[in-house]
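S.K.: Below you'll find the structure I mean.
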Amino acid sequence: MIFSLPSTAQACCAVLVTFAAATSLPAQFRWDQAHPGAPEPRASAALAWDPVSQRGVLFGGVDAVAARSDTWVLEVLPSGAPEWRRLATAHAPAARFDHAMVSTPRGVLLFGGMDDQGAVLGDTWLFGGGDWQILQPAVVPPARAGHAMGYDPVRDRAVLFGGGVGTTVLDDTWDWDGAAWQRKSVSIPPPGMRDAAMAFDPATGGLLLHGTSRGAGYSYTWDGRGWWTLASNGPARRDHQLVFDPAARTVLMVGGVEGAAEPTEVLRFSGSSPSYSWVVDGQLPSGRCAHTVLRVPGVGQLFVTGGRYGDHLEEDTLRLERQSRTWQPVVEVPAARKWFEMVRDPVRDRAFLFGGYATGSVDGYLRELWSYGADGWRRHPWPDQGPEFRFQPQLAYDAGRDRLVVCGGTRIGATYVLPDTWEFEPATGTWHRGPDMPYGGLTGGQMVYDPVRSRCVLFGGYHTFGSVAPGETWSYDGSSWQRLATAGPPPAYSHRMTWVPGRDEILLVADSIVQRSSQTWTFDGVAWTRQSPLHQPPPFRFQALVHQPLRDRCTLIHPVTDLVTGLPPAELWEWDGIDWLRRDRPAGGLPAPLEAGVWLDHEEGIIQFGGSFETTSREVWALRSASPAAASGFGVACVGAGGETATLAAAGLPWIGDTLRLEVHAARIPAGSLLWFGVSDTRWSGGSLPQDLSGFGFTGCRLLVSDDVIVGLPAGTGTTQLPVPLPADPSLVGSGLFAQALVIASAANPSGGLLSNGIALRIGSRD
């Protein structure tokens, strides 16, 4: 090993610059999808298995506002768990609902449906692998909606029956051979049916059709030549689904409408010719119609998703558990929403989500509590006696008492402000009622936990709809509400606040309601101070303001629209304690405006969920630094004859323009001890790494880092620290460097030295 000994760490860094691999500063931020979410609640969509990509494909449907044109795929992971993922395709059918899709060996075949204007469609599409392709056969069935389709594997044909156009109900039969549609001549067709269903039944060797006509239920089978009626026609259901269950070896009828009801009973097609019947085979958790059903070939799993119950749009995905014959929810994702709040639980590194407004829920308001962590989403059981559903509540996490604090909010046509205060204990899963809020309740305010003074601080909001609270500051300590400063920011609502560690203050960004201008304030626990930064973000509402501990910056993330100009913003803003810095907004990736934001350590970024205004999403996205700094240990320190060790750790992260401090921990660190930096952990001047140095007298020690730059360590006892100034040079960003220490210990081994573990460094930029 050849040692060169610069006398200072500054000289070391001058050499390090020559090893930098990056040549320019990367983009400041990037959006990453942290959780794929699930399809937004909808009815009258279509779902089928794509044999090309080996996943389920869902397209279209109608939500409470309009028809949809999004494509989702349902993948079954190696663990057996299902996962939804939104798929961006180069081509796609127009938005529609009441269309039909069926799995064929060539991919998923789609036909027809209805658009938002009530026009029926007659186009044919094929999905195979990852994109949609429009097919243009010479002959096509007439346009229609609410038709049934199934695939006949015996004859390799997709078969279409019925549907409707306006008040006309059709009874024609068509088949698709992979290239062309052909109308089938049927001497005695089934009666015209709309919203019927079809599935292949191996027991009869044909396609089983069941639907309703003029209030009566009919079951038929198709053998390739004609339709044959079955002895028992079954219930008068429509908007149901049929699916073959390999476990039961028969076809199941799932959901639907019968008369004015949506029964929960799942029916099984049973018997043999001529005595067929439909018998009960389990229950859905709740009735639903206009849903979708999927059978996964090979594993034989059955899934149900979406649909509606009355006017309520369903959001869950259910799976049939074979042993119990029960349908259980398997995809737990909160409903898409807006006007909710999210706050971080620092004890567990989880984000708690409460409240909001979502079309399709009871009255549009949401009465549920969710949390998001490294294990994904978790729905917390709701008590019989707990907070009412609401939107725009105030939330904070009291880390000192390990409680989530919820107060205020709005419900009943956005005119009634709730006055209550509630606390949730994650450790026990219980809710407790606290004292009522000041002024009879507030909504649209902001609340932040102050860990220095062990209290929640609340500012701003509405008393009642249209009545803005005065610019007063209140605190809650778990037992009572107390008024703090009376002078400070002007009255505000839908503003944002965050706690700033290190400076032990609250940062507030708010609009002046009168002047429509943005202002920056800080609160030190006693008084508010108006800041006068050189730059100031434009006025927005429903933005997210989050402190990033890795970069020690407060990031302001705007929603989709500037409320003053009506234009989408093109930037983020960051507060460094003195001024606001405008940042380029990451291009692409983010599918919808997101409203609330929370920093999570395990994500190393700000996670966002939901939506704002009229756009909502069920996906979780993380805003991360595109050039993050990182420091992690690797390898194992050797042990001396007397049990001595030397360990190396990084006190902080390697940001350009900052000073990184490396710490060596040992009982005694004498003069002559060394720290070296290398650009490799696989090669050094003497060969490959790691290198066993036992043959050189360093018993049990291994060299982990290339010997490129070596400096002397300060002598000390217990711990010694080496400051390593990193130049403010963008070319360093992204460079990977490694470090290891050699501590002199004469009795440790024949060579008298201990080698530490290694440290892997990735140099990053806060800017």
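For the structure tokens, the naming scheme is as follows: chains receive sequential letters (A, B, ...) according to their order of presentation, residues are indexed from 1 within each chain, and ligands are indexed from 1 in presentation order.
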For stretch 435-448 of chain A, find every residue with an atom within 9 Å (counting only C-alpha atoms), except residues of its own chain fewer than 5 positions away, and show them as a ChimeraX atom specification.
M.R.: /A:339,391-398,407-410,417-422,455-465,469,474-475,478-483,492-499,506
S.K.: Give me the residues within 8 Å of stretch 268-282 of chain A as a PDB file with C-alpha atoms, in the first residue's frame, counting only C-alpha atoms and dropping any in the same chain fewer than 3 places off.
M.R.:
ATOM      1  CA  LEU A 230     -81.944 -24.155 -20.034  1.00  0.00           C
ATOM      2  CA  ALA A 231     -84.608 -25.808 -17.871  1.00  0.00           C
ATOM      3  CA  SER A 232     -84.242 -23.265 -15.056  1.00  0.00           C
ATOM      4  CA  ASN A 233     -83.920 -19.702 -16.188  1.00  0.00           C
ATOM      5  CA  GLY A 234     -82.774 -18.261 -12.850  1.00  0.00           C
ATOM      6  CA  PRO A 235     -83.243 -14.853 -11.237  1.00  0.00           C
ATOM      7  CA  THR A 250     -68.870 -24.057 -12.501  1.00  0.00           C
ATOM      8  CA  VAL A 251     -70.016 -20.529 -13.366  1.00  0.00           C
ATOM      9  CA  LEU A 252     -70.805 -17.972 -10.667  1.00  0.00           C
ATOM     10  CA  MET A 253     -73.273 -15.086 -10.929  1.00  0.00           C
ATOM     11  CA  GLU A 265     -75.967 -13.481  -2.736  1.00  0.00           C
ATOM     12  CA  ARG A 325     -66.023 -19.080   0.032  1.00  0.00           C
ATOM     13  CA  THR A 326     -66.072 -15.458   1.197  1.00  0.00           C
TER      14      THR A 326
END
S.K.: Determine the nearest neighbour of A:Val598 from the options A:Ala741, A:Ala626, A:Met198, A:Cys554, counting only C-alpha atoms.
M.R.: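 Checking each candidate against A:Val598, we get A:Cys554 as the closest.
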S.K.: Among stretch 181-235 of chain A, which ones does DSSP place in strand (DSSP E), written as a JSON list (two decimals) with N, CA, C and O atoms, in the first residue's frame?
M.R.:
[["chain", "number", "residue", "atom", "x", "y", "z"],
["A", 181, "TRP", "N", -65.65, -9.77, -38.07],
["A", 181, "TRP", "CA", -66.94, -10.01, -37.42],
["A", 181, "TRP", "C", -67.87, -10.73, -38.41],
["A", 181, "TRP", "O", -67.86, -10.44, -39.61],
["A", 182, "GLN", "N", -68.67, -11.63, -37.88],
["A", 182, "GLN", "CA", -69.67, -12.32, -38.70],
["A", 182, "GLN", "C", -70.97, -12.42, -37.92],
["A", 182, "GLN", "O", -70.97, -12.87, -36.77],
["A", 183, "ARG", "N", -72.07, -11.99, -38.54],
["A", 183, "ARG", "CA", -73.37, -12.15, -37.88],
["A", 183, "ARG", "C", -73.83, -13.59, -38.02],
["A", 183, "ARG", "O", -73.76, -14.18, -39.11],
["A", 197, "ALA", "N", -74.90, -10.94, -19.12],
["A", 197, "ALA", "CA", -73.51, -11.36, -18.92],
["A", 197, "ALA", "C", -73.32, -12.73, -19.54],
["A", 197, "ALA", "O", -74.27, -13.50, -19.72],
["A", 198, "MET", "N", -72.03, -13.03, -19.85],
["A", 198, "MET", "CA", -71.71, -14.26, -20.55],
["A", 198, "MET", "C", -70.38, -14.80, -20.04],
["A", 198, "MET", "O", -69.46, -14.03, -19.73],
["A", 199, "ALA", "N", -70.27, -16.15, -19.94],
["A", 199, "ALA", "CA", -69.01, -16.80, -19.56],
["A", 199, "ALA", "C", -69.02, -18.22, -20.09],
["A", 199, "ALA", "O", -70.08, -18.85, -20.22],
["A", 200, "PHE", "N", -67.82, -18.74, -20.39],
["A", 200, "PHE", "CA", -67.73, -20.11, -20.90],
["A", 200, "PHE", "C", -67.89, -21.09, -19.75],
["A", 200, "PHE", "O", -67.29, -20.93, -18.67],
["A", 201, "ASP", "N", -68.70, -22.14, -19.99],
["A", 201, "ASP", "CA", -68.97, -23.16, -18.99],
["A", 201, "ASP", "C", -68.47, -24.50, -19.52],
["A", 201, "ASP", "O", -69.09, -25.10, -20.41],
["A", 206, "GLY", "N", -70.22, -24.87, -23.69],
["A", 206, "GLY", "CA", -70.64, -23.70, -24.45],
["A", 206, "GLY", "C", -70.60, -22.44, -23.62],
["A", 206, "GLY", "O", -70.24, -22.46, -22.43],
["A", 207, "LEU", "N", -70.98, -21.34, -24.24],
["A", 207, "LEU", "CA", -71.05, -20.06, -23.55],
["A", 207, "LEU", "C", -72.39, -19.94, -22.83],
["A", 207, "LEU", "O", -73.45, -20.14, -23.44],
["A", 208, "LEU", "N", -72.32, -19.63, -21.53],
["A", 208, "LEU", "CA", -73.52, -19.47, -20.72],
["A", 208, "LEU", "C", -73.90, -18.00, -20.72],
["A", 208, "LEU", "O", -73.08, -17.14, -20.38],
["A", 209, "LEU", "N", -75.12, -17.70, -21.11],
["A", 209, "LEU", "CA", -75.65, -16.34, -21.14],
["A", 209, "LEU", "C", -76.78, -16.24, -20.12],
["A", 209, "LEU", "O", -77.65, -17.11, -20.07],
["A", 210, "HIS", "N", -76.74, -15.18, -19.30],
["A", 210, "HIS", "CA", -77.87, -14.95, -18.40],
["A", 210, "HIS", "C", -78.20, -13.46, -18.38],
["A", 210, "HIS", "O", -77.30, -12.61, -18.30],
["A", 211, "GLY", "N", -79.50, -13.15, -18.47],
["A", 211, "GLY", "CA", -79.94, -11.77, -18.44],
["A", 211, "GLY", "C", -81.43, -11.68, -18.16],
["A", 211, "GLY", "O", -82.08, -12.67, -17.83],
["A", 212, "THR", "N", -81.94, -10.48, -18.33],
["A", 212, "THR", "CA", -83.34, -10.20, -17.99],
["A", 212, "THR", "C", -84.02, -9.55, -19.19],
["A", 212, "THR", "O", -83.44, -8.67, -19.84],
["A", 213, "SER", "N", -85.23, -9.97, -19.45],
["A", 213, "SER", "CA", -86.05, -9.36, -20.49],
["A", 213, "SER", "C", -87.47, -9.24, -19.99],
["A", 213, "SER", "O", -88.07, -10.25, -19.56],
["A", 216, "ALA", "N", -88.25, -10.84, -16.54],
["A", 216, "ALA", "CA", -88.02, -12.27, -16.31],
["A", 216, "ALA", "C", -86.56, -12.60, -16.61],
["A", 216, "ALA", "O", -85.94, -12.02, -17.48],
["A", 217, "GLY", "N", -86.01, -13.58, -15.85],
["A", 217, "GLY", "CA", -84.64, -14.00, -16.05],
["A", 217, "GLY", "C", -84.55, -15.16, -17.03],
["A", 217, "GLY", "O", -85.41, -16.05, -17.06],
["A", 218, "TYR", "N", -83.50, -15.16, -17.84],
["A", 218, "TYR", "CA", -83.32, -16.21, -18.85],
["A", 218, "TYR", "C", -81.87, -16.68, -18.84],
["A", 218, "TYR", "O", -80.95, -15.86, -18.73],
["A", 219, "SER", "N", -81.68, -17.99, -18.97],
["A", 219, "SER", "CA", -80.35, -18.58, -19.10],
["A", 219, "SER", "C", -80.30, -19.39, -20.39],
["A", 219, "SER", "O", -81.17, -20.24, -20.62],
["A", 220, "TYR", "N", -79.27, -19.13, -21.20],
["A", 220, "TYR", "CA", -79.10, -19.83, -22.47],
["A", 220, "TYR", "C", -77.66, -20.31, -22.58],
["A", 220, "TYR", "O", -76.76, -19.77, -21.92],
["A", 221, "THR", "N", -77.45, -21.31, -23.45],
["A", 221, "THR", "CA", -76.09, -21.73, -23.78],
["A", 221, "THR", "C", -75.91, -21.69, -25.29],
["A", 221, "THR", "O", -76.84, -22.00, -26.05],
["A", 222, "TRP", "N", -74.69, -21.30, -25.71],
["A", 222, "TRP", "CA", -74.35, -21.16, -27.13],
["A", 222, "TRP", "C", -73.38, -22.27, -27.50],
["A", 222, "TRP", "O", -72.33, -22.43, -26.85],
["A", 227, "TRP", "N", -78.57, -20.88, -29.95],
["A", 227, "TRP", "CA", -78.81, -20.73, -28.52],
["A", 227, "TRP", "C", -79.82, -21.78, -28.06],
["A", 227, "TRP", "O", -80.83, -22.01, -28.71],
["A", 228, "TRP", "N", -79.53, -22.36, -26.87],
["A", 228, "TRP", "CA", -80.42, -23.36, -26.31],
["A", 228, "TRP", "C", -80.81, -22.93, -24.91],
["A", 228, "TRP", "O", -79.97, -22.63, -24.08],
["A", 229, "THR", "N", -82.13, -22.91, -24.68],
["A", 229, "THR", "CA", -82.61, -22.48, -23.37],
["A", 229, "THR", "C", -82.40, -23.60, -22.35],
["A", 229, "THR", "O", -82.41, -24.78, -22.70]]
S.K.: When you draw a straight line from atom CA of A:Asp584 to atom CA of A:Arg766, how long is it in Å?
M.R.: 13.5 Å
S.K.: Contacts of stretch 658-671 of chain A at 10 Å or less, counting only C-alpha atoms, minus same-chain residues fewer than 3 places along, as JSON, numbers by chain?
M.R.: {"A": [644, 645, 646, 647, 648, 649, 650, 651, 652, 653, 654, 655, 674, 675, 712, 713, 714, 715, 716, 717, 718, 719, 720, 721, 722, 723, 724, 725, 726, 727, 728, 739, 740, 741, 742, 743, 744, 745, 754, 756, 759, 765, 766]}
S.K.: Which one of A:Leu267, A:Ile763, A:Ala427, A:Val709 sits closest to A:Asp729 if you count only C-alpha atoms?
M.R.: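 For A:Asp729, the nearest of the given residues is A:Ile763.
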S.K.: Please list as a list of chain:residue names every residue within 7 Å of stretch 363-380 of chain A, counting only C-alpha atoms and excluding residues in the same chain fewer than 5 positions away.
M.R.: A:Glu332, A:Val333, A:Asp349, A:Arg350, A:Ala351, A:Phe352, A:Leu353, A:Phe354, A:Gly355, A:Gly356, A:Tyr357, A:Ala358, A:Glu388, A:Phe389, A:Arg390, A:Phe391, A:His602
